[in-house]
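Asks: As input, take final-v6.cif (mmCIF, C-alpha atoms):
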data_entry
loop_
_atom_site.label_atom_id
_atom_site.label_comp_id
_atom_site.auth_asym_id
_atom_site.auth_seq_id
_atom_site.Cartn_x
_atom_site.Cartn_y
_atom_site.Cartn_z
CA MET A 1 -58.54 -58.27 41.15
CA GLU A 2 -56.75 -60.75 43.43
CA VAL A 3 -60.03 -61.68 45.11
CA GLY A 4 -61.59 -62.35 41.70
CA ARG A 5 -58.67 -64.48 40.58
CA THR A 6 -58.77 -66.49 43.83
CA ALA A 7 -62.47 -67.14 43.36
CA ALA A 8 -61.85 -68.18 39.78
CA ILE A 9 -59.13 -70.61 40.87
CA VAL A 10 -61.42 -72.11 43.51
CA ALA A 11 -64.19 -72.45 40.92
CA ALA A 12 -61.74 -74.05 38.49
CA CYS A 13 -60.69 -76.62 41.10
CA PHE A 14 -64.34 -77.46 41.78
CA VAL A 15 -65.09 -77.84 38.07
CA ALA A 16 -62.02 -80.01 37.58
CA PHE A 17 -62.96 -82.19 40.56
CA SER A 18 -66.55 -82.52 39.33
CA GLY A 19 -65.33 -83.43 35.84
CA CYS A 20 -63.27 -86.26 37.27
CA LEU A 21 -66.30 -87.65 39.08
CA ALA A 22 -68.64 -87.77 36.07
CA GLU A 23 -67.38 -87.75 32.49
CA PRO A 24 -70.03 -87.16 29.80
CA SER A 25 -70.64 -90.25 27.71
CA ALA A 26 -73.04 -91.30 25.01
CA PRO A 27 -76.26 -93.02 26.11
CA PRO A 28 -76.59 -96.68 25.11
CA GLY A 29 -77.11 -97.10 21.38
CA ARG A 30 -75.84 -93.59 20.50
CA THR A 31 -72.42 -92.77 19.08
CA ARG A 32 -70.34 -90.00 20.66
CA HIS A 33 -68.57 -87.97 17.95
CA VAL A 34 -65.62 -85.77 18.92
CA ILE A 35 -65.21 -82.98 16.35
CA THR A 36 -61.66 -81.61 16.19
CA ASP A 37 -61.92 -79.56 12.96
CA PRO A 38 -64.37 -76.64 12.54
CA ASN A 39 -64.73 -77.67 8.88
CA ASP A 40 -65.87 -81.21 9.75
CA PHE A 41 -69.61 -81.70 9.29
CA SER A 42 -69.51 -85.43 8.55
CA TYR A 43 -71.05 -86.34 11.91
CA LEU A 44 -74.34 -84.75 10.81
CA ASP A 45 -75.04 -87.91 8.83
CA ASP A 46 -75.62 -89.62 12.19
CA LYS A 47 -78.98 -88.20 13.22
CA ASP A 48 -79.05 -90.07 16.54
CA GLY A 49 -75.45 -89.49 17.65
CA ILE A 50 -74.23 -86.86 20.10
CA HIS A 51 -71.20 -84.71 19.42
CA VAL A 52 -68.56 -82.70 21.26
CA HIS A 53 -66.64 -79.84 19.67
CA ASP A 54 -63.05 -80.12 20.89
CA TYR A 55 -60.71 -77.88 18.88
CA TRP A 56 -58.04 -77.74 21.59
CA ASP A 57 -55.78 -80.47 20.20
CA GLY A 58 -54.61 -81.38 23.70
CA ARG A 59 -53.71 -77.79 24.62
CA GLN A 60 -54.81 -76.08 27.81
CA ALA A 61 -54.32 -72.55 26.45
CA ILE A 62 -54.26 -70.91 23.00
CA VAL A 63 -52.88 -67.45 22.17
CA LEU A 64 -55.34 -65.18 20.35
CA PHE A 65 -53.22 -62.03 20.18
CA ASP A 66 -49.57 -61.28 20.90
CA LYS A 67 -48.15 -58.05 19.61
CA ARG A 68 -46.01 -55.10 20.60
CA ILE A 69 -47.29 -51.72 19.47
CA GLN A 70 -45.22 -48.55 19.50
CA GLN A 71 -46.40 -45.05 18.73
CA GLY A 72 -43.66 -43.70 16.52
CA THR A 73 -44.62 -40.09 17.13
CA PRO A 74 -46.52 -38.47 20.02
CA SER A 75 -50.24 -37.93 19.56
CA VAL A 76 -52.40 -35.21 21.04
CA ASN A 77 -55.02 -36.81 23.25
CA PHE A 78 -58.21 -34.79 23.78
CA GLY A 79 -59.67 -37.22 26.30
CA SER A 80 -59.20 -40.75 25.02
CA ILE A 81 -57.53 -42.74 22.28
CA GLY A 82 -58.18 -46.39 21.45
CA PHE A 83 -55.91 -49.19 20.24
CA PRO A 84 -57.83 -52.16 18.76
CA LEU A 85 -56.46 -55.62 19.60
CA ASP A 86 -57.81 -57.68 16.69
CA PRO A 87 -57.15 -61.44 16.92
CA GLY A 88 -57.57 -61.70 13.14
CA GLU A 89 -59.26 -64.20 10.86
CA GLY A 90 -59.18 -67.82 11.97
CA GLN A 91 -58.92 -67.01 15.69
CA THR A 92 -61.95 -67.65 17.91
CA VAL A 93 -62.87 -68.12 21.54
CA ILE A 94 -63.52 -71.79 20.88
CA PRO A 95 -66.08 -73.95 22.69
CA GLY A 96 -64.81 -75.05 26.08
CA THR A 97 -63.10 -71.74 26.94
CA ARG A 98 -63.35 -70.99 30.67
CA TRP A 99 -61.12 -67.90 30.95
CA ILE A 100 -59.67 -65.18 28.78
CA ASN A 101 -56.35 -64.02 30.24
CA ALA A 102 -54.52 -60.88 29.14
CA THR A 103 -51.16 -59.40 30.04
CA VAL A 104 -50.30 -55.81 29.15
CA ASN A 105 -46.89 -54.25 29.69
CA TRP A 106 -46.80 -50.57 28.80
CA THR A 107 -44.96 -47.28 29.22
CA ASN A 108 -45.62 -43.70 28.14
CA ARG A 109 -42.63 -41.75 26.85
CA MET A 110 -44.32 -38.41 27.56
CA PRO A 111 -44.32 -36.70 31.00
CA THR A 112 -48.05 -37.16 31.58
CA THR A 113 -49.12 -40.73 32.32
CA PRO A 114 -52.62 -41.64 31.04
CA ALA A 115 -55.05 -44.08 32.60
CA LEU A 116 -55.15 -47.26 30.53
CA TYR A 117 -58.12 -49.63 30.28
CA PHE A 118 -58.67 -53.03 28.70
CA GLU A 119 -62.07 -53.05 26.99
CA TYR A 120 -63.94 -56.04 25.60
CA ARG A 121 -67.25 -56.94 24.02
CA THR A 122 -68.73 -60.46 24.11
CA PRO A 123 -70.73 -62.23 21.37
CA THR A 124 -73.91 -61.46 23.33
CA GLY A 125 -73.16 -57.72 23.28
CA ALA A 126 -72.08 -57.41 26.93
CA THR A 127 -69.16 -55.03 27.47
CA GLY A 128 -66.51 -54.64 30.13
CA ARG A 129 -63.64 -52.33 31.06
CA LEU A 130 -60.74 -53.28 33.33
CA PRO A 131 -58.08 -50.84 34.59
CA VAL A 132 -54.58 -51.68 33.34
CA PRO A 133 -51.70 -50.71 35.60
CA PRO A 134 -48.18 -51.25 34.20
CA ASN A 135 -47.31 -54.96 33.91
CA ALA A 136 -50.95 -55.93 34.37
CA ALA A 137 -52.32 -59.49 34.41
CA LEU A 138 -56.07 -59.64 33.77
CA SER A 139 -58.57 -62.51 33.76
CA ILE A 140 -62.15 -62.71 32.45
CA PRO A 141 -64.20 -65.74 33.56
CA LEU A 142 -66.51 -67.15 30.88
CA ASN A 143 -69.59 -69.34 30.71
CA THR A 144 -70.73 -71.41 27.73
CA SER A 145 -72.85 -68.62 26.20
CA MET A 146 -69.78 -66.37 26.01
CA ASN A 147 -67.84 -68.79 23.75
CA ASP A 148 -67.91 -68.34 20.00
CA LEU A 149 -70.22 -70.77 18.23
CA PRO A 150 -68.96 -74.17 17.03
CA HIS A 151 -67.65 -74.14 13.42
CA ALA A 152 -66.95 -70.38 13.62
CA HIS A 153 -63.86 -68.98 11.88
CA ILE A 154 -64.23 -65.37 13.05
CA THR A 155 -64.53 -64.38 16.68
CA GLN A 156 -67.44 -62.22 17.78
CA TRP A 157 -65.34 -60.95 20.68
CA SER A 158 -63.60 -57.59 20.35
CA PHE A 159 -60.75 -56.22 22.44
CA ALA A 160 -59.10 -52.81 22.72
CA LEU A 161 -56.88 -50.70 24.93
CA LEU A 162 -58.18 -47.24 25.80
CA ALA A 163 -55.87 -44.48 27.05
CA THR A 164 -57.62 -41.59 28.81
CA THR A 165 -56.36 -38.28 30.14
CA SER A 166 -57.95 -35.26 31.77
CA GLY A 167 -57.23 -31.56 31.99
CA GLY A 168 -57.16 -30.62 28.30
CA PRO A 169 -55.03 -31.75 25.35
CA THR A 170 -52.20 -34.05 26.44
CA LEU A 171 -49.29 -35.58 24.55
CA ILE A 172 -48.97 -39.35 24.82
CA GLN A 173 -46.54 -41.77 23.17
CA LEU A 174 -47.27 -45.32 24.27
CA ASP A 175 -45.25 -48.49 23.94
CA PHE A 176 -47.10 -51.62 24.96
CA HIS A 177 -46.99 -55.37 24.57
CA ALA A 178 -50.39 -57.05 24.77
CA ARG A 179 -51.00 -60.79 24.90
CA ILE A 180 -54.43 -62.42 25.01
CA GLU A 181 -54.99 -66.13 25.46
CA ILE A 182 -57.93 -68.45 26.05
CA VAL A 183 -57.81 -71.16 28.72
CA ARG A 184 -59.66 -74.45 28.50
CA THR A 185 -62.32 -75.65 30.91
CA PRO A 186 -60.84 -78.39 33.14
CA GLY A 187 -62.14 -81.91 32.63
CA GLU A 188 -64.31 -83.26 29.82
CA LEU A 189 -66.14 -80.92 27.47
CA GLU A 190 -69.91 -81.12 27.45
CA PRO A 191 -71.75 -82.37 24.32
CA SER A 192 -73.35 -79.73 22.10
CA PRO A 193 -77.10 -79.67 21.48
CA PRO A 194 -78.47 -80.96 18.14
CA HIS A 195 -78.10 -78.61 15.20
CA PRO A 196 -81.20 -76.80 13.94
CA ASP A 197 -82.38 -78.00 10.51
CA ARG A 198 -82.51 -74.91 8.28
CA TRP A 199 -83.46 -76.86 5.15
CA GLY A 200 -86.27 -79.21 6.08
CA ALA A 201 -87.42 -80.76 2.82
CA ASN A 202 -86.37 -77.70 0.79
CA THR A 203 -83.39 -77.12 -1.47
CA THR A 204 -83.60 -73.32 -1.22
CA VAL A 205 -83.48 -71.03 1.82
CA VAL A 206 -84.28 -67.31 1.54
CA LEU A 207 -81.53 -65.33 3.27
CA SER A 208 -82.71 -61.79 2.58
CA GLN A 209 -85.35 -59.84 0.70
CA ALA A 210 -85.46 -56.08 0.27
CA SER A 211 -87.18 -53.52 -1.92
CA GLY A 212 -87.63 -49.79 -2.00
CA PRO A 213 -86.85 -46.56 -3.83
CA LEU A 214 -83.59 -46.47 -5.75
CA ARG A 215 -82.30 -43.12 -4.57
CA ASP A 216 -79.58 -41.88 -2.27
CA ALA A 217 -82.10 -40.78 0.35
CA ASN A 218 -83.04 -44.41 0.96
CA PRO A 219 -81.79 -45.21 4.49
CA SER A 220 -80.88 -48.76 3.41
CA ILE A 221 -78.30 -47.34 1.00
CA VAL A 222 -74.89 -46.38 2.37
CA ALA A 223 -72.12 -44.50 0.65
CA VAL A 224 -69.01 -46.55 -0.17
CA GLY A 225 -66.18 -44.78 -1.97
CA GLY A 226 -68.47 -42.30 -3.65
CA ARG A 227 -70.73 -45.03 -5.04
CA PRO A 228 -74.21 -45.84 -3.77
CA ALA A 229 -74.33 -49.30 -2.22
CA LEU A 230 -76.68 -51.76 -0.63
CA GLU A 231 -75.41 -53.95 2.21
CA PRO A 232 -78.24 -56.35 3.07
CA ARG A 233 -78.25 -58.31 6.32
CA LEU A 234 -78.60 -62.05 5.83
CA LEU A 235 -79.90 -64.98 7.77
CA ALA A 236 -77.25 -67.64 8.43
CA VAL A 237 -75.91 -69.42 5.35
CA PRO A 238 -76.72 -73.01 6.35
CA TRP A 239 -74.63 -76.14 6.30
CA ASP A 240 -74.70 -77.92 2.91
CA THR A 241 -75.07 -74.69 0.89
CA THR A 242 -73.38 -75.04 -2.50
CA THR A 243 -74.26 -71.65 -4.04
CA VAL A 244 -75.65 -68.29 -2.97
CA ARG A 245 -77.83 -66.66 -5.64
CA ILE A 246 -78.44 -62.91 -5.70
CA LEU A 247 -81.13 -61.28 -7.82
CA PHE A 248 -81.34 -57.52 -8.34
CA GLN A 249 -84.10 -55.90 -10.37
CA TYR A 250 -84.75 -52.21 -10.91
CA ASN A 251 -87.35 -50.06 -12.60
CA SER A 252 -86.16 -46.57 -13.45
CA SER A 253 -88.64 -43.71 -13.23
CA THR A 254 -86.31 -40.95 -14.39
CA PRO A 255 -87.15 -39.21 -17.66
CA GLU A 256 -83.60 -39.58 -18.94
CA GLN A 257 -81.77 -42.72 -20.00
CA PHE A 258 -80.23 -44.44 -16.97
CA HIS A 259 -76.93 -46.21 -17.65
CA TYR A 260 -76.44 -48.91 -15.05
CA ASP A 261 -73.19 -50.73 -14.22
CA PRO A 262 -73.61 -53.12 -11.24
CA SER A 263 -70.92 -54.89 -9.24
CA LEU A 264 -70.85 -57.11 -6.17
CA SER A 265 -68.26 -57.56 -3.43
CA TYR A 266 -68.61 -60.24 -0.78
CA HIS A 267 -66.97 -62.41 1.84
CA GLY A 268 -68.04 -65.64 3.52
CA ALA A 269 -68.31 -66.43 7.22
CA ASP A 270 -64.59 -67.28 7.28
CA ARG A 271 -63.41 -63.73 6.52
CA THR A 272 -64.02 -60.11 7.48
CA THR A 273 -62.78 -58.36 4.34
CA MET A 274 -64.54 -58.11 1.00
CA GLU A 275 -63.14 -59.92 -2.00
CA ARG A 276 -60.63 -57.65 -3.70
CA ASN A 277 -62.18 -58.03 -7.16
CA THR A 278 -65.83 -57.32 -7.68
CA VAL A 279 -67.96 -60.06 -9.18
CA ARG A 280 -69.77 -59.50 -12.46
CA PRO A 281 -73.31 -60.83 -12.84
CA ASN A 282 -73.84 -64.25 -14.41
CA GLU A 283 -77.00 -62.97 -16.06
CA SER A 284 -77.60 -59.38 -17.06
CA ARG A 285 -80.49 -57.71 -18.82
CA PRO A 286 -80.01 -53.94 -18.55
CA ALA A 287 -82.58 -51.73 -20.23
CA GLN A 288 -83.48 -48.08 -20.44
CA ARG A 289 -86.44 -48.39 -18.07
CA ASP A 290 -85.73 -51.57 -16.12
CA GLY A 291 -83.15 -54.29 -15.69
CA ARG A 292 -82.38 -57.64 -14.07
CA HIS A 293 -79.03 -58.90 -12.80
CA VAL A 294 -78.20 -62.26 -11.22
CA TRP A 295 -75.06 -63.39 -9.40
CA THR A 296 -74.30 -66.99 -8.44
CA ILE A 297 -71.53 -67.40 -5.85
CA PRO A 298 -69.99 -70.88 -5.33
CA VAL A 299 -69.80 -71.70 -1.61
CA GLU A 300 -67.17 -73.88 0.07
CA PRO A 301 -67.78 -75.50 3.49
CA ARG A 302 -65.49 -73.04 5.30
CA MET A 303 -67.78 -70.22 4.10
CA TRP A 304 -70.86 -71.61 5.88
CA ASP A 305 -72.12 -69.93 9.01
CA SER A 306 -72.22 -71.90 12.23
CA PRO A 307 -75.26 -74.20 12.23
CA TYR A 308 -76.21 -72.62 15.56
CA ALA A 309 -76.20 -69.05 14.19
CA ASP A 310 -79.36 -67.15 13.31
CA ALA A 311 -77.71 -64.15 11.61
CA SER A 312 -74.96 -64.48 9.02
CA LEU A 313 -71.36 -63.32 9.23
CA TRP A 314 -71.33 -62.97 5.45
CA GLY A 315 -70.79 -59.53 3.96
CA LEU A 316 -72.48 -58.45 0.71
CA ARG A 317 -71.98 -55.07 -0.90
CA PHE A 318 -73.98 -54.39 -4.01
CA SER A 319 -72.88 -51.15 -5.71
CA TRP A 320 -73.22 -49.47 -9.04
CA PHE A 321 -72.09 -46.61 -11.23
CA GLY A 322 -74.86 -44.57 -12.77
CA ASN A 323 -75.09 -41.84 -15.37
CA LEU A 324 -78.18 -39.97 -16.53
CA GLN A 325 -77.59 -38.46 -19.95
CA GLY A 326 -78.42 -34.76 -20.11
CA SER A 327 -79.17 -34.37 -16.40
CA ASN A 328 -77.64 -31.77 -14.12
CA ASN A 329 -78.40 -33.96 -11.11
CA VAL A 330 -75.47 -36.24 -11.75
CA VAL A 331 -71.86 -35.60 -10.81
CA SER A 332 -69.18 -36.73 -13.25
CA MET A 333 -67.20 -39.96 -12.81
CA GLY A 334 -70.42 -41.93 -12.44
CA ARG A 335 -71.44 -40.69 -8.99
CA PRO A 336 -75.21 -40.14 -9.13
CA VAL A 337 -76.76 -37.61 -6.80
CA VAL A 338 -80.39 -38.47 -7.57
CA MET A 339 -81.62 -41.82 -8.83
CA ASP A 340 -85.38 -42.25 -9.12
CA GLY A 341 -86.93 -45.67 -9.39
CA ASP A 342 -87.57 -48.84 -7.43
CA TYR A 343 -85.50 -51.94 -6.79
CA ARG A 344 -85.97 -55.50 -5.50
CA LEU A 345 -83.16 -57.56 -4.02
CA ALA A 346 -83.40 -61.26 -3.14
CA VAL A 347 -80.63 -63.49 -1.71
CA GLU A 348 -81.03 -67.28 -1.58
CA ALA A 349 -78.96 -70.26 -0.43
CA HIS A 350 -79.09 -73.40 -2.61
CA ARG A 351 -77.95 -76.88 -1.62
#
Rewrite the structure from the file as C-alpha cells, please.

Replies:
Amino acid sequence: MEVGRTAAIVAACFVAFSGCLAEPSAPPGRTRHVITDPNDFSYLDDKDGIHVHDYWDGRQAIVLFDKRIQQGTPSVNFGSIGFPLDPGEGQTVIPGTRWINATVNWTNRMPTTPALYFEYRTPTGATGRLPVPPNAALSIPLNTSMNDLPHAHITQWSFALLATTSGGPTLIQLDFHARIEIVRTPGELEPSPPHPDRWGANTTVVLSQASGPLRDANPSIVAVGGRPALEPRLLAVPWDTTTVRILFQYNSSTPEQFHYDPSLSYHGADRTTMERNTVRPNESRPAQRDGRHVWTIPVEPRMWDSPYADASLWGLRFSWFGNLQGSNNVVSMGRPVVMDGDYRLAVEAHR
C-alpha cells in the first residue's frame, strides 16, 4: 500500500507540474465556459464554445461519506457480512476527481476478529477489494473515465465494508467509523467534449418500447409487494425535456371480466427512491376486453440525465391490481395469479 501511495504522490506532482506549464484555454474566437452548477445548461446555447465542468468551488477535497456504525447486538456470521457505505442522493464523484481516499477505524467486541475489506464498484462496472487493518488509510487512483458524468446527481460508484470469518459460525459485533472523500486533480481541469444531440430536429424522443403477454410468467414482469409490475429500462432522458409521456395499452384474452386498476411510481435522475404517492393516469379508457392509459410527468431540469449518458437513471414502476370475477385463479386482495392477454408500453420524452 505504501508503494502505491508513493507512486500516486509522484504522479500527482508530475500532473501538477505539467498543469502549471500548459493551462487549457479556448482557441481564438471560441468562448470558454466554466460550469460550476450541475443544473446549469445555459452554455449549450453557445454551439461553438468549449466548456469545463468545475463543481469544486475552490475545494481540493470533498467528503462523500462520514459515519460511525455500531452493531447494537452481536450477529452470527456464516462466512461474510456486508455493510453498505451509501454516499446518498446529491453526492457524486465529480469530474476532475483524481483519488478516492478512505479511512476506516474499527474494532470487534467479540473474541474472534474478522478480516475486513473495503469493496468498491466503478461506473464502468470494474470492482475492487482492499484489506482494511484497524485504523486503515486507503487510496484509489482514478482516471477520467472513472468519474461520474457531468450534470449527474447520483453517483454510479458503490462502496461497502465486508467482514469475513472462517471455521464455522462466528459471533461478530463491529464498531467502525468510515470516511470517504474525493480529491481534486491538481492544476486546471480539462474541457469536456461536446454534448451529443439527442433531439436533432425532433420534439419527441422514444425512451422505451415494450410489448408481450400480460401474465405473471412474463420474465419482464417482477413482483413488487404482491402486485405484478413492469419496470422498463429507458434511454437517457435528454436535456430540454419538459414532459415524459407513458402509454399503456392492454387487450385481455380471459373469458371473465378483467377489472384493471393501474398506478405508476417513478423517480428522476436526481433520486434513487420512487415517489411516495403513485401517479394516476391523465387519460384512462378501461374496458372489459381492452384498455388504454396515459401518464404525463412534468420534468424539471434536475431530473434530466447527464447529456453524456446513454442509459437513464430514471426509475419507472408500472403496477396494477387485478380481479377476475368468478375465477378461481385469482387470490383475494387484488393479487392476480394468472392474467391472460397482451400489453404494449411506450415511453417518450417531449421538449

Asks: What's the 7 Å shell around A:Gly82, counting only C-alpha atoms, without same-chain residues fewer than 2 positions away, as a count of residues only?

Replies: 6

Asks: Expressed in Å to a single decimal, how great is the separation between atom CA of A:Trp106 and atom CA of A:Glu89?

Replies: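 Rounded to one decimal, the two atoms are 25.7 Å apart.
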
Asks: For atom CA of A:Ile246 and atom CA of A:Gly90, determine how far apart the two atoms are, in Å to one decimal place.

Replies: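 Calculated distance between atom CA of A:Ile246 and atom CA of A:Gly90 is 26.6 Å.
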
Asks: Please determine, counting only C-alpha atoms, which residue among A:Gln173, A:Thr155, A:Asn202, A:Thr296 has the shortest atom-to-atom distance to A:Val93.

Replies: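 Closest residue, counting only C-alpha atoms: A:Thr155.
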
Asks: Compare A:Met274, A:Val52, A:Val244, A:Leu174 by their minimum atom-to-atom distance to A:Gln70, counting all atoms listed in the file, and give me the closest one.

Replies: A:Leu174

Asks: Using all atoms listed in the file, can you tell me which of A:Pro38, A:Pro134, A:Pro95, A:Gly315 comes closest to A:Pro191?

Replies: A:Pro95

Asks: Find, counting all atoms listed in the file, the residue in A:Asp342, A:Asp86, A:Glu300, A:Glu275 that gets nearest to A:Ser158.

Replies: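 When distances to A:Ser158 are compared using all atoms listed in the file, the smallest one comes from A:Asp86.
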
Asks: So, counting only C-alpha atoms, which residue among A:Thr170, A:Asn147, A:Thr164, A:Thr185 is closest to A:Pro123?

Replies: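 The answer is A:Asn147, which sits nearest to A:Pro123.
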
Asks: Which residues fall under the PyMOL selection byres ((chain A and resi 104) around 8) in this file, as an NGL selection string?

Replies: :A and (102-103 or 105-106 or 132 or 134-137 or 176-179)
